[in-house]
Structures are given as C-alpha cells and as structure tokens.
Amino acid sequence: MSICSGCEWCATYVDGFPFCFDNTKPGYDGTCYSTIPPHERQDCWPKPEGSNAKCVDAGCTWCPLDGYAWCFYDDTVPPTGPTIPPTGPTEPPTSAPGCPSTIPPLERVDCHPESGASKPACESRGCYWCEDFTPNVPWCSYPDRNIPNPTGDPGTCPSEIPEPNRIDCFPGGGASKGECEARDCFWCESSTDGVPWCFFNITGEGSDPEKDIWRVDCAPDGGFDNDICMNRGCNFMGTSVPNAPICYFPEDRGYKMTAQEDTATGYKITLQKQGTYTLFGGDVETLTMDVHFETNGRLHIKITDATQARFEVPIETPVATSKASNPLYEFVFTNDPIFNFNVTRKDTGVAIIDTSLGGFVYEDQFLSFATKLPPNSEVYGFGEHEHHSIQHELKWQTMGMYSRDQPPAANGNLYGVYPMWMVIEDGINTHGVLILNAAAQDVTLSPAPYVNYRTIGGILDIYVFLGPKPEDVVSQYTETVGRPFMPPYWSLGFQLCRYGYMSLAKVQETVDRMRAYNIPYDIQYGDIDYMDEQRDFTIDPVNYNGLPEYVDKLRSQYGMHYIIILDPCIGIVTDGSYDAFNTGEAMDVWIKEGDCSTSAIGKVWPPENTYFPDYTKPITETWWTEECVKFHNILDYDGLWIDMNEPANFVTGGITGCQTNKWNNPPYFPAIWGNVLADKTMCADFCQHLGSHYDLHSLYGFTQSKQTLPAARAATPGKRSIVISRSTFPGTGKYAGHWLGDNYSQWSNLHYSIIGSLEFNMFGIPYIGADICGFNGDSNADMCQRWMQLGAFYTFSRNHNGINYKEQDPAAFGDEVARVSRETLEIRYTLLPYLYTLFYHAHVNGNTVMRPLFHEFVEDAYTHTIDRQLLWGPAFLITPVLEDGFTNVDAYFPDARWFDYYTGAEAGFRKKTVNLDAPMDYIPLHVRGGYILPTQEPAVTTTISRNNAMGLIVALNDFKQASGELFWDDGDSIDTYETGNHYFAEFAATASSLTSTIITNGYSGASSLLWGTVRVFGATATSVTVNGKAHGDFSTPIAGVLEIYNVKIPIDVALSITWG
C-alpha cells in the first residue's frame, strides 16, 4: 500500500469503488463546491501529508487540482456536502483532532437538537463543537454533565438586552453558568440559533464602537476572565466591534515623567511607573527615555531600564553628536493623564506617532508600545511573512516575528524578523518606523488605526523615518542599519540549483542540457548532496568524485561560477576524522547549554548529533574563516549560500529537551508558531558570547552573515564574492542577499514572490528572489515558463527545486520552454548595466532596486495596492502573467509617458488599467519616459557579455527630455566605489540630442568598451551626427522610434549625438 499526499487508502470489494481515493472525509464527492477561482485560492495547509480530512478539520475547503492549492480558505462552502456511505473495511471513526470535550462521545448530550447546527452557533451557547462520525454522537454537546434546561427560560433572564444585541462573553465555547457569572456577565439560555447564552451587560454604558476600535489589548495572552482583567488594572467590557479586545488598557495606565533635561542631541526623560498593577510581573519601576534628533529625517527614541542594563541589539548604527539643524518633525510630550508623546510632521501637522491611547508596559519579559496612526493610513512592512497583499488590511490581525525554519505559509513567522513598517499618511507623505528588537515579538493592527507592538525582551529602541517619499524612508532606514552590499556583476546572471542532483554526473547532464539551448546561465550551485554525509567542508568521495576539477572547467571553459551551501551545524565526529569539528572543538566555538559551559547538542542534517557555532564570538570568525579558506583550497567556489540559520534544529531545543524556566517558558508567548520558543530550534536559555539565546535567537542568521562575508572574501582574495542567507534581520543587507525560502510549485506563489521581493527591498535587502518554478512540489511546463519570465526580473534570479521532484531547469521541459527562457533571460542580460547601476545607487544611497509602483507615483492612490506589477528602479515596468491559462494581463500605467520595450512604440495610456495581450512566449515590458537605460549586447554568461558593445535606451518624456547614468567597474573587486576604481557617466537627452558627461574615469577597462546601438523612443530623424561627424547607420523602424547603430565610440570618451 502506498499513500500519496492528499489521498486515502480504504480496501473495499464493492465494484466501481477505488481503494485509493481523494474524498477521505464525507463532504467531498469529486465535485468542488468552491466558487473561488483556482488562481485566487490561498493555501490553508502548506505542510506535507495534506488530506481532505486534515483540511476540513482546519476549517478549510478541499479541491484537488494540480498546480494550485488543494486546501484553501473559503468561508462560503458549507461544512458538509453529499456523502458517500462507507463500504468495505474501515477504521473506527474518531472525533476531529483538538476536540475540547473530555466526555466520552457516546455520553455527550446534544446542545443543539434542532437542525442547522454549526460551530459558531454551538459555541455561542457555551457548548463544544466536536465533529464525530460515530452514530448517535452529537457534534454540538454540553461541556459537562450538568445539563440545563435546553429550551431556556426567558422569564428568568436578568437582562433586558434583546437577543440580537447580545455580545458573547465566552468566545470559543465551554461556558457554564458559574463561569459566565464569574466574568460579571449574564447567563440566559436561548433556543434561537446564534444567540450567545453568556453575554456582556452593555446596556446604559460602556460600549461605543467609535471608541472601541482604539482599545489596546490588556489580555494578549488570551485571558477573558473579568477578575484577571481587573487585577491587571484594565477595563473589561463587551463590544459590538468584531475582534476588538474585551479586556483593554485604560488611557491613564503607565508612567509619569519625573525629570526632563535637554541634551546635545535632544532630551533625557525619567519615567516612574504609576500604581501596582502588573500583567506578568517584573515591572521596571524607573525608565530612561533618550530622544535624539539625529538627522533632519530621522528621530531616535530609546527607552531603557534606568537601574540595570538590558540586552540591546548589537548592530552598528550612527551616533549623533549634535541636534539636527532643521528637522522635519517635532517631538512633543505631556504628563496628562499619564506620560505620552507624539511625533508630528512640521509641514502638515500630522501626528505620525501618538502614544496617548495607552498600553505602554515595560516589564522584564513583556514590553508593549502602542501608537495611533494618522487617519486613513495605509500600512506596509513587517516580516518575515508570506503576505498575500503588499498593503495590510487593518482588521485586528496579529503578526508574530521570531526566526523559524518555516516554509512560506499564511500567518506563519518565517525565517527572518523585521519589526519595521511604512505608512502612507495622507495619500502622499510617507514615514517609517523601526523597533530595533530581536526577542520573540508580535504586532497587532487595529482599524482605528493603530499599531500595538509587543516583545518579550530587550529594550524599546525606536527609529522614526520622516521620508517624506517612500524611497526617502528606505534610504533613511538603510543609513541607520547599513547600506546594502555591492554584488559582483556575475551574481546578476541567471543561476541554477537543486537539492537532490545526487551525483556529479547529473550536474554535468543538466549543465550540458542548458548549454545546448544557449540559455544565459552564470552560476551553478552545490546543495547539501555534494557533501560527504551532509557535513560542511566535505565532498562526497563517490557520487561527487571529480567535483573540484569540474568546477575548474565551469570557470575556465564556460566562464561560469560556482556557489556552495554551508549549514551552521557541525557533526560531532569524535574519531578525529572531521577536521572542521576538531578545530572548532579546540577553539571552543560552540553555543552552550544553560549552564554556559556544556556545548549544546542538536540534530540537523549530518547522521550524528551536531554542535552549533556561536557567531557572536570573535574566535568563531577566526575558525569559520580558516575552514572556508581551507575548503576553498580544495574546491574553488565563488560564493557561499548559508542555510538553516534560524537556527534550525530537528529536535525541540536539544537532544535532552529544555529546562523549565522563565526563559524557555516566558509568561507571554507571542503569536508565533509552535507551542514553545524552542520549537524547531534551540532552547532559549542557551548561552552565547553576547548573551542568552533568548535575546539572540533571531540574530543568528545576521551574525553568521556578518562573519561569512569576510570569510568568503578571505577564501577568494581580492574578490567581492557573495553570501546568500536564509535567516535575516535589519542590517543583514550589508553582508548578504536572501531568497524567499522553500516555496511551492503553485501559481499563487508567483504573486506572493513579488510581494516578498518588494518587501525585502524595503527591508534593505535588494538582492532578493524566490525559487523560480517552486521548491516544494512538481512544477509543469506552463507554470515554469511563466515563472521563468517573472524570475528573469528577480534581482536574485535562481531556479531551484527540492529533492525527489521532477527536474525543472528551463531546459528540462523541451524546446518551447527553453526558447522562451532564453529569450527572456537575454532581455535581462541586455539590461544588466542598468540593473548594476541600480545596485550602485542601493549601495551608496540605500535605494530599492525592485520597486513597487507607489514608490514612484505615491500621489496616485491607485498604485498603493498594486503588487502584481513591479519596477526596476524608477524606469522599467514589468507586468508578468501570474495565472494559469491566461494569455492576457491587466496592466496599470501611472501618469507618465510609457514605451513598449520591444518595439519602442508609445503605449498611449496614462492613469489607466489596460488589458494587454500576453501570449505564452511574451511578458509585457515598458520603459518610462524621461529616463535613459544603459544596455549591453547579451551572451550566455556575463564573462562574455561584459566585453560586448554597450548601448542606450533613451525614452523621452512629455518635455522631450531624458536622463540616466551608468556605473561600471571590473565587476569583482572590493570597494571600487569607495576607492574610485570605477567609471561613472551621466546622460542627458533633448528632442534632438544625446550627450554623456564622464564624472569618474577610474576604471581602465572602460576604454575597451564601445557604444553600439542607441534606441531613442519618442523621436524621429532623417539625419544623425556622432561626435560631430555624419553617421548614416540608423533607421526609424516605426513612427516615433530612432535606432542608431554601430556608434563605435569608447565609453570613456564624451559622447554627443544629434539628430534632425
């Protein structure tokens, strides 16, 4: 018997009934009852071994259809449909997982004897809902054996509140009369479906929907008990606002200012806690708030314990020595009714931070900070999550953040942590906020609107970025946490990887297949199957025998590069045969258990148990660098891909588990996956050089990246090299790029990849992309073809899939996919000089590279939610097809002049959505008027293409003008901008001319490159001159397009072209 994902095996001897079938639970009969189009289905079960039963138990809908989510959210589908009677041998029926009732099924008493029972109706009566297919067992049953009168007795109800207006005081079910009254709520049984039996007394006073949306949750741990709420000094009151807290902070709960002094950079304020109320204990009685007016666009607010040091994120940030001369903001504070402050934009008077709504708590293991947002705010950011729209809905959703080995999933906390958000305030102005904290944390967004941030450790270290444009916010943010690294030019080429080649022969076969189709292709990867027993710094001597020689061939004969994977887990091999372990043991580089002396033991990929290097320890960098250099002497790799660095652990905490203490079991558990902090990782009380893993967990990938880039550069002397990290944190972009993790071969993931890539550009990691064609699951030709078209415009463009799935490199699907992939990648390679120049701006100024449309057109409200299109920089618009079977796509054209990339024809659309033709071999691409894009003739590798003729695309705007830039260097040396060893030119065009101005000419290789073709969109000509000489090699292929060929002027010579 073999069971595949989503199917069930039940033997039957009735003719016509299969043994293996999809409808593993009554309700699915082969017909999908959902009306949601397949391409819009949001995956509800992004885990292995899905089934209809598990899906329905999760409250979702099951419709098997290859290429799409089989289990997805759909509230419109009834819980059951047509049923199929069981035949043949079956297993005894059981209750649904998670049933809260402790009463044996056959002893349960029906709490909803009339027809029409549902889970909400059941729980509104204070009863339990347990789906159970045992005959005569009710699905809605009383929580205990004390059964009240099921018909109710309205005559004895103490409340005059009409049944339709009653607000549930015991959400989730399980109420009894005694428990209800203990919450000071009314208990009135009712036979009306959906009417709660336990409900709030909200007559006469209390609930006001306009005020209730401002409530800040005083029971984020889920408590609803009136006594607990009151003991916390909070208010307990029902509300008609869905999902609003019923236990909430009063506005006068918090701290009072007892001292204030001016400083060279702002203010120092002393705060004293008021009252004795507490949530979880360990209140910090006296706080110090340092307010630094650091720059005109950046305000820094740091709130610390006045009496003892707490953990602070060890990231180098700018330190101001004087107050900003002309800040865009004002900082105002008051003690009425309690200390609160606001940050106001000077020019508009809009308060972008306003803490007057309460909810400020500063305890040892619980810190809460809430701020109002301006009216009609549009919110972006927070990570790392799989968001299904770039702009967040403000509907009380809570997002947890704690680094986790978690494939992308809705509502899951994924590999990295980003407590950073951006807000469009008034349809135009934009600000951002970063809370520099690495502990487990979550954030809730209210429709009021407000943001409520909670964390279980560290300090409140708040940076406010005033923008006012979205790109300004990102620049101010990266100025704080670190500008992105400058990638080597070859790393902008197409890349190929898979987990599970399993042999060098298979790698060679794949490379040869790609080369046979002439698909541009710069980098081949080695995943963990190249290793000997999945151990770092080793090579499988059998299946990968000859790998070093083959890597040399890739470089010398094909002009390619090779990147290897390294995991942060070292097998404990005690027989002396594993050098990396031996030296690590001798240098004592490992993370320690809670006693801070015993090396912590986990389990990851190697067959033996493993130790984890402590990358906060200086000696670890020495060890790590030495191992990387030694291995490079064996295998001549070019870059390092660091994976599993959340850090991932295949056991919970350690091989002996975790001790029970306040670090491993904090009093508040944020909205993160797992039921303990150590789920899929290490114990929180483990010791590292800079402190407890409790504080450092989500910094593990950051600290590894910080040590890995110098190690990679030491292994490749004089070269830039590159690092790609799975786990990231603000500031990681200074050292590494990122990919969006173990995604799925599903059409929905194309869309999600755009959102994730745009968010990471916001987070300061512009070198970003998703696994093209998907990592988990089998892709297909159509999906992979469309994904290759999109992925050609990820800044990190890599096709990567998982073990045991079908091959999905673009040559694996045959001639057509290979042709389309080749042609699309040739466009990418043509535009690499433009892309490289965008990375120069990211490195120097902190700009984004992949950019949402609202970054350029924030005054156009329609762009604020667009996440199915993207821009490269300010000028290149990409509109991919993201749905199966479609040969057209909606494209929005903001208010600018736009030209078709392929033909140069003017699109003719402004502030309009247009349905464009997009046959399977075509992706719509457009160039924005007013810009000049540098280009180069493409080739199969950048090693070859970098020697080809350069070119320019000139797109004139409404004023018949355009401008652009080109940054160029050797593509591989370190710090060429900082040392001046580069070439930089500016271009300007008018209705009849194009000129270049060379700003920096510090790269000697520029003299060997010649200008080739110049394309001018929005112009026509009958004559052309190049640097004062008549030039006859030009054409006007269509009206309004001028193409000038064979310019043949070196790029380090000033260029002057005229036409008329």
# chains A, B, ... in the order shown; residues from 1 in each chain; ligands from 1
>>> residues_around(residues="Gly930 (chain A)", least_positions_apart="6", cutoff="12 Å", atoms="only C-alpha atoms", output="NGL selection string")
:A and (874-876 or 896-899 or 953-964 or 987-991 or 1016-1018)
>>> closest_atom_pairs(of="region 251-316 of chain A", to="region 442-462 of chain A", cutoff="9 Å", atoms="only C-alpha atoms", output="tab-separated table")
residue	atom	partner	partner_atom	distance
A:Leu299	CA	A:Ile462	CA	8.3
A:His300	CA	A:Ile462	CA	5.9
A:Ile301	CA	A:Ile462	CA	5.0
A:Lys302	CA	A:Asp461	CA	4.5
A:Ile303	CA	A:Leu460	CA	5.2
A:Thr304	CA	A:Ile459	CA	5.8
A:Asp305	CA	A:Ile459	CA	8.0
A:Arg310	CA	A:Gly458	CA	5.8
A:Phe311	CA	A:Gly458	CA	4.8
A:Glu312	CA	A:Gly458	CA	5.8
A:Val313	CA	A:Gly458	CA	7.8
>>> residues_around(residues="Asn799 (chain A)", least_positions_apart="3", cutoff="10 Å", atoms="only C-alpha atoms", output="list in words")
Phe494, Gln495, Leu496, Cys497, Arg498, Gly769, Ala770, Asp771, Ile772, Cys773, Gly774, Phe775, Cys784, Trp787, Met788, Gly791, Ala792, Phe796, Gln808, Asp809 and Pro810 of chain A
>>> select_by_dssp(residues="region 501-655 of chain A", states="strand (DSSP E)", output="ChimeraX atom specification")
/A:523-526,561-566,570-571,610-611,639-642
>>> write_last_selection(atoms="N, CA, C and O atoms", output="PDB file, in the first residue's frame")
ATOM      1  N   ILE A 523      25.746  30.764 -13.029  1.00  0.00           N
ATOM      2  CA  ILE A 523      26.125  30.176 -11.747  1.00  0.00           C
ATOM      3  C   ILE A 523      25.457  28.816 -11.576  1.00  0.00           C
ATOM      4  O   ILE A 523      24.240  28.681 -11.762  1.00  0.00           O
ATOM      5  N   GLN A 524      26.251  27.841 -11.199  1.00  0.00           N
ATOM      6  CA  GLN A 524      25.758  26.539 -10.782  1.00  0.00           C
ATOM      7  C   GLN A 524      26.005  26.401  -9.279  1.00  0.00           C
ATOM      8  O   GLN A 524      27.023  26.871  -8.752  1.00  0.00           O
ATOM      9  N   TYR A 525      25.067  25.754  -8.606  1.00  0.00           N
ATOM     10  CA  TYR A 525      25.147  25.584  -7.150  1.00  0.00           C
ATOM     11  C   TYR A 525      25.444  24.141  -6.772  1.00  0.00           C
ATOM     12  O   TYR A 525      25.134  23.195  -7.507  1.00  0.00           O
ATOM     13  N   GLY A 526      25.967  23.999  -5.567  1.00  0.00           N
ATOM     14  CA  GLY A 526      26.045  22.713  -4.901  1.00  0.00           C
ATOM     15  C   GLY A 526      25.241  22.758  -3.622  1.00  0.00           C
ATOM     16  O   GLY A 526      25.564  23.533  -2.710  1.00  0.00           O
ATOM     17  N   HIS A 561      30.451  30.400 -12.731  1.00  0.00           N
ATOM     18  CA  HIS A 561      30.852  30.461 -11.331  1.00  0.00           C
ATOM     19  C   HIS A 561      30.113  29.377 -10.553  1.00  0.00           C
ATOM     20  O   HIS A 561      29.098  28.842 -11.012  1.00  0.00           O
ATOM     21  N   TYR A 562      30.610  29.110  -9.343  1.00  0.00           N
ATOM     22  CA  TYR A 562      30.059  28.019  -8.540  1.00  0.00           C
ATOM     23  C   TYR A 562      29.900  28.493  -7.105  1.00  0.00           C
ATOM     24  O   TYR A 562      30.813  29.063  -6.504  1.00  0.00           O
ATOM     25  N   ILE A 563      28.690  28.284  -6.552  1.00  0.00           N
ATOM     26  CA  ILE A 563      28.379  28.654  -5.169  1.00  0.00           C
ATOM     27  C   ILE A 563      28.008  27.396  -4.406  1.00  0.00           C
ATOM     28  O   ILE A 563      27.279  26.543  -4.918  1.00  0.00           O
ATOM     29  N   ILE A 564      28.501  27.289  -3.176  1.00  0.00           N
ATOM     30  CA  ILE A 564      28.209  26.110  -2.351  1.00  0.00           C
ATOM     31  C   ILE A 564      27.357  26.499  -1.157  1.00  0.00           C
ATOM     32  O   ILE A 564      27.359  27.650  -0.706  1.00  0.00           O
ATOM     33  N   ILE A 565      26.644  25.514  -0.651  1.00  0.00           N
ATOM     34  CA  ILE A 565      25.854  25.690   0.560  1.00  0.00           C
ATOM     35  C   ILE A 565      26.684  25.297   1.775  1.00  0.00           C
ATOM     36  O   ILE A 565      27.520  24.381   1.715  1.00  0.00           O
ATOM     37  N   LEU A 566      26.480  26.022   2.879  1.00  0.00           N
ATOM     38  CA  LEU A 566      27.037  25.656   4.174  1.00  0.00           C
ATOM     39  C   LEU A 566      25.927  25.816   5.208  1.00  0.00           C
ATOM     40  O   LEU A 566      25.219  26.825   5.209  1.00  0.00           O
ATOM     41  N   ILE A 570      27.613  21.489  12.890  1.00  0.00           N
ATOM     42  CA  ILE A 570      28.830  20.702  12.697  1.00  0.00           C
ATOM     43  C   ILE A 570      28.663  19.364  13.405  1.00  0.00           C
ATOM     44  O   ILE A 570      28.419  19.310  14.617  1.00  0.00           O
ATOM     45  N   GLY A 571      28.768  18.280  12.619  1.00  0.00           N
ATOM     46  CA  GLY A 571      28.606  16.955  13.185  1.00  0.00           C
ATOM     47  C   GLY A 571      29.652  16.648  14.248  1.00  0.00           C
ATOM     48  O   GLY A 571      30.830  16.981  14.103  1.00  0.00           O
ATOM     49  N   THR A 610      24.814  17.226  16.428  1.00  0.00           N
ATOM     50  CA  THR A 610      25.589  18.378  15.969  1.00  0.00           C
ATOM     51  C   THR A 610      25.761  19.418  17.068  1.00  0.00           C
ATOM     52  O   THR A 610      24.975  19.502  18.014  1.00  0.00           O
ATOM     53  N   TYR A 611      26.813  20.211  16.906  1.00  0.00           N
ATOM     54  CA  TYR A 611      27.010  21.434  17.667  1.00  0.00           C
ATOM     55  C   TYR A 611      26.669  22.621  16.762  1.00  0.00           C
ATOM     56  O   TYR A 611      26.696  22.510  15.530  1.00  0.00           O
ATOM     57  N   GLY A 639      31.193  31.759  -4.082  1.00  0.00           N
ATOM     58  CA  GLY A 639      30.327  32.401  -3.108  1.00  0.00           C
ATOM     59  C   GLY A 639      29.759  31.365  -2.157  1.00  0.00           C
ATOM     60  O   GLY A 639      29.884  30.151  -2.373  1.00  0.00           O
ATOM     61  N   LEU A 640      29.106  31.853  -1.086  1.00  0.00           N
ATOM     62  CA  LEU A 640      28.587  30.970  -0.052  1.00  0.00           C
ATOM     63  C   LEU A 640      27.098  31.228   0.167  1.00  0.00           C
ATOM     64  O   LEU A 640      26.652  32.376   0.265  1.00  0.00           O
ATOM     65  N   TRP A 641      26.391  30.141   0.248  1.00  0.00           N
ATOM     66  CA  TRP A 641      24.947  30.142   0.480  1.00  0.00           C
ATOM     67  C   TRP A 641      24.731  29.522   1.859  1.00  0.00           C
ATOM     68  O   TRP A 641      25.005  28.341   2.057  1.00  0.00           O
ATOM     69  N   ILE A 642      24.307  30.317   2.827  1.00  0.00           N
ATOM     70  CA  ILE A 642      24.178  29.824   4.200  1.00  0.00           C
ATOM     71  C   ILE A 642      22.696  29.595   4.512  1.00  0.00           C
ATOM     72  O   ILE A 642      21.878  30.496   4.438  1.00  0.00           O
TER      73      ILE A 642
END
>>> closest_residue(among="A:Thr61, A:Thr510, A:Asn801, A:Thr1013", to="Asp527 (chain A)", atoms="only C-alpha atoms")
A:Asn801
>>> closest_residue(among="A:Arg513, A:Arg786, A:His800, A:Arg404", to="Ala678 (chain A)", atoms="only C-alpha atoms")
A:Arg404
>>> residues_around(residues="region 327-343 of chain A", least_positions_apart="3", cutoff="7 Å", atoms="only C-alpha atoms", output="ChimeraX atom specification")
/A:252-257,295-297,324,346,351-356,466
>>> closest_residue(among="A:Pro64, A:Gly1032, A:Gly126, A:Pro143", to="Ile103 (chain A)", atoms="only C-alpha atoms")
A:Pro143
>>> residues_around(residues="region 264-276 of chain A", least_positions_apart="5", cutoff="7 Å", atoms="only C-alpha atoms", output="list in words")
Gly254, Tyr255, Lys256, Met257, Thr258, Ala259, Glu285, Thr286, Leu287, Thr288, Met289, Asp290, Val291, His292, Phe293, Glu294, Ala320, Thr321, Ser322 and Lys323 of chain A
>>> select_by_dssp(residues="region 972-1060 of chain A", states="helix (DSSP H, G or I)", output="JSON, numbers by chain")
{"A": [976, 977, 978, 979, 1004, 1005, 1006, 1007, 1008]}
>>> atom_distance(atom1="CA of Asn226 (chain A)", atom2="CA of Arg183 (chain A)")
4.6 Å
>>> residues_around(residues="region 426-429 of chain A", least_positions_apart="3", cutoff="7 Å", atoms="only C-alpha atoms", output="ChimeraX atom specification")
/A:376-377,468-469,858-859,861
>>> atom_distance(atom1="CA of Pro541 (chain A)", atom2="CA of Ile528 (chain A)")
13.6 Å
>>> atom_distance(atom1="CA of Leu758 (chain A)", atom2="CA of Gly432 (chain A)")
15.4 Å
>>> residues_around(residues="region 484-491 of chain A", least_positions_apart="4", cutoff="7 Å", atoms="only C-alpha atoms", output="list of chain:residue names")
A:Asp522, A:Arg720, A:Ser721, A:Ile722, A:Gly733, A:Lys734, A:Tyr735, A:Gly764, A:Ile765, A:Phe839, A:Tyr840, A:Ala842, A:His843, A:Gly846, A:Thr942, A:Gly971, A:Asp972
>>> closest_residue(among="A:Phe967, A:Tyr794, A:Tyr931, A:Tyr558", to="Asn518 (chain A)", atoms="only C-alpha atoms")
A:Tyr558
>>> closest_residue(among="A:Thr708, A:Met783, A:Val361, A:Pro667", to="Thr620 (chain A)", atoms="only C-alpha atoms")
A:Thr708
